[in-house]
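In what follows, a single structure is set out as structure tokens and then discussed.
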Amino acid sequence: MTALRTSRSARAGQYLALLCYLVFLAFPFLWLLSTAFKPPRELGSLHPAWIPEDPTLDNFRQAFDEQPLLQAAANSLVAALAAAVVAVVIATPMAYVMARNRTRLSTAATGWVVVSQAFPFVLVIIPLFLVLKNLQLINTLSGLIMVYVVWALPFALWMLVGYVRAVPRELEEAAAVDGAGRVRTLVSVTAPLLAPGIVATALFAFITAWNEFFFALVLLKTPEKQTLPVVLTHFLGAEGVADLGPLAAAAFLATLPSLVIFAVIQRRITGGMLAGAVKS
């Protein structure tokens, strides 16, 4: 009886901790949503309320009138999608080789991949700028996509190595015994089981590129080519005073694609994992 009560108390404590964590994560988004619908009178109130008393869409209209949000969103979408696809295409075969051939070299390479993520942006921006300048890729989305791919590739490779190692070798060996060639085994056996990992890795690369600010700020100068995070800074005045209503509205719209894509892909990741478990 005592053990049962202890178990219930522990479970209740876990749920309470999870609830507090969810509130902590949701607070900025909910406050942003509330601010986006508040009129200027409520934004300047000394006692702000969670729910706007007189909700308005003027902040959204003003945001689209003041800045080219649609063009910036299109630039971000192109850069993020291209970076995600290219990073996954490059990282998948590399991860398979590194996972299936465990040597000192592959172990050292995996360690270097993890360590490279600790490099600060400021450390690499000057040589990166000079390289892109020599390639005539400054102020181009192609150059920015190249940077995003290089920056996302190490972590994408590290993630996929773990997924490849989780696929039992016995499945590939059984397919080989049945007469399947190397390519057929990879396509028919290994690739379907790696699908959840590939989707999760692509999601990581997409969100990283969609939210990235520093590289886009340095490499893109033409307003028509700037990405959404850079355009959001244009809502700040010369003295650093923010146009809070339109800024909150634009920032709210900028967060929606990541949330929607994550919600959709999360179901596919779970479904892919279950399908892979059944196949195995």
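Starting from 1 in every chain, residues are counted up; chains themselves are A, B, ... following the order of the structure tokens, and ligands are numbered from 1 as listed.
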Could you give me, as a Markdown table, every segment 240-260 of chain A residue with an atom at most 10 Å from segment 73-91 of chain A, plus its closest atom pair and distance in Å to one decimal, counting only C-alpha atoms, rows ordered by chain then number?
| residue | atom | partner | partner_atom | distance |
| --- | --- | --- | --- | --- |
| A:Leu253 | CA | A:Ala73 | CA | 9.5 |
| A:Ala254 | CA | A:Ala73 | CA | 7.7 |
| A:Pro257 | CA | A:Leu77 | CA | 9.2 |
Tell me which protein, DNA and RNA residues are within 9 Å of Tyr96 of chain A, counting only C-alpha atoms, leaving out same-chain ones fewer than 6 positions away, and put them as JSON, numbers by chain.
{"A": [160, 161, 164, 165]}
Near segment 27-40 of chain A, counting only C-alpha atoms, which residues have an atom at most 9 Å away, once you skip same-chain residues fewer than 6 positions from it, shown as a PyMOL selection string?
chain A and resi 49-60+244-252+255
Could you write out that same residue set with N, CA and C atoms as an mmCIF file, in the first residue's frame?
data_model
loop_
_atom_site.group_PDB
_atom_site.id
_atom_site.type_symbol
_atom_site.label_atom_id
_atom_site.label_comp_id
_atom_site.auth_asym_id
_atom_site.auth_seq_id
_atom_site.Cartn_x
_atom_site.Cartn_y
_atom_site.Cartn_z
ATOM 1 N N ALA A 49 -2.771 43.213 -19.693
ATOM 2 C CA ALA A 49 -3.622 42.041 -19.471
ATOM 3 C C ALA A 49 -3.278 40.961 -20.482
ATOM 4 N N TRP A 50 -3.586 39.727 -20.092
ATOM 5 C CA TRP A 50 -3.316 38.614 -21.002
ATOM 6 C C TRP A 50 -4.216 38.679 -22.227
ATOM 7 N N ILE A 51 -5.510 38.892 -22.002
ATOM 8 C CA ILE A 51 -6.483 38.909 -23.089
ATOM 9 C C ILE A 51 -6.763 40.353 -23.502
ATOM 10 N N PRO A 52 -6.575 40.698 -24.770
ATOM 11 C CA PRO A 52 -6.843 42.083 -25.205
ATOM 12 C C PRO A 52 -8.306 42.460 -24.969
ATOM 13 N N GLU A 53 -8.530 43.650 -24.429
ATOM 14 C CA GLU A 53 -9.890 44.112 -24.200
ATOM 15 C C GLU A 53 -10.579 44.495 -25.507
ATOM 16 N N ASP A 54 -9.800 45.035 -26.434
ATOM 17 C CA ASP A 54 -10.346 45.452 -27.728
ATOM 18 C C ASP A 54 -9.437 44.916 -28.835
ATOM 19 N N PRO A 55 -9.499 43.608 -29.135
ATOM 20 C CA PRO A 55 -8.575 43.021 -30.113
ATOM 21 C C PRO A 55 -8.719 43.654 -31.493
ATOM 22 N N THR A 56 -7.604 43.761 -32.181
ATOM 23 C CA THR A 56 -7.574 44.410 -33.482
ATOM 24 C C THR A 56 -6.596 43.695 -34.415
ATOM 25 N N LEU A 57 -6.832 43.836 -35.714
ATOM 26 C CA LEU A 57 -5.931 43.293 -36.739
ATOM 27 C C LEU A 57 -5.058 44.381 -37.360
ATOM 28 N N ASP A 58 -5.128 45.589 -36.799
ATOM 29 C CA ASP A 58 -4.356 46.697 -37.364
ATOM 30 C C ASP A 58 -2.856 46.437 -37.315
ATOM 31 N N ASN A 59 -2.393 45.730 -36.291
ATOM 32 C CA ASN A 59 -0.956 45.437 -36.203
ATOM 33 C C ASN A 59 -0.489 44.584 -37.375
ATOM 34 N N PHE A 60 -1.306 43.632 -37.797
ATOM 35 C CA PHE A 60 -0.952 42.782 -38.942
ATOM 36 C C PHE A 60 -0.959 43.586 -40.239
ATOM 37 N N LEU A 244 6.090 47.934 -31.243
ATOM 38 C CA LEU A 244 5.790 46.667 -30.590
ATOM 39 C C LEU A 244 4.636 45.906 -31.235
ATOM 40 N N GLY A 245 3.575 46.583 -31.571
ATOM 41 C CA GLY A 245 2.421 45.891 -32.138
ATOM 42 C C GLY A 245 2.726 45.203 -33.455
ATOM 43 N N PRO A 246 3.178 45.947 -34.486
ATOM 44 C CA PRO A 246 3.538 45.287 -35.751
ATOM 45 C C PRO A 246 4.659 44.268 -35.602
ATOM 46 N N LEU A 247 5.621 44.535 -34.705
ATOM 47 C CA LEU A 247 6.702 43.576 -34.491
ATOM 48 C C LEU A 247 6.157 42.261 -33.940
ATOM 49 N N ALA A 248 5.267 42.336 -32.971
ATOM 50 C CA ALA A 248 4.677 41.118 -32.405
ATOM 51 C C ALA A 248 3.849 40.384 -33.446
ATOM 52 N N ALA A 249 3.119 41.114 -34.271
ATOM 53 C CA ALA A 249 2.314 40.475 -35.310
ATOM 54 C C ALA A 249 3.204 39.763 -36.328
ATOM 55 N N ALA A 250 4.268 40.434 -36.770
ATOM 56 C CA ALA A 250 5.180 39.819 -37.739
ATOM 57 C C ALA A 250 5.910 38.629 -37.129
ATOM 58 N N ALA A 251 6.336 38.753 -35.875
ATOM 59 C CA ALA A 251 7.034 37.650 -35.214
ATOM 60 C C ALA A 251 6.103 36.456 -35.014
ATOM 61 N N PHE A 252 4.844 36.725 -34.711
ATOM 62 C CA PHE A 252 3.875 35.637 -34.567
ATOM 63 C C PHE A 252 3.703 34.880 -35.882
ATOM 64 N N THR A 255 6.654 32.567 -36.622
ATOM 65 C CA THR A 255 6.761 31.326 -35.845
ATOM 66 C C THR A 255 5.788 30.247 -36.315
#
If we count only C-alpha atoms and set the cut-off at 12 Å, which residues sit around Tyr148 of chain A, ignoring sequence neighbours fewer than 3 positions away in its own chain? Please answer as a ChimeraX atom specification.
/A:76,78-87,121,128,141-145,151-156,204-216,219
Quick check, in Å to one decimal: how far apart do atom CA of Ile261 of chain A and atom CA of Thr201 of chain A lie?
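Taking atom CA of Ile261 of chain A and atom CA of Thr201 of chain A, their separation equals 13.1 Å.
Across the structure, atom CA of Thr222 of chain A and atom CA of Phe235 of chain A are spaced 16.9 Å apart.
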Taking only C-alpha atoms into account, which of A:Val218, A:Ala200, A:Met98, A:Val187 comes nearest Ile126 of chain A?
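Using only C-alpha atoms, Ile126 of chain A sits closest to A:Val218.
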Would you give me, as a ChimeraX atom specification, the residues in segment 37-159 of chain A that DSSP reads as helix (DSSP H, G or I)?
/A:40-43,58-66,69-100,104-116,121-134,141-159
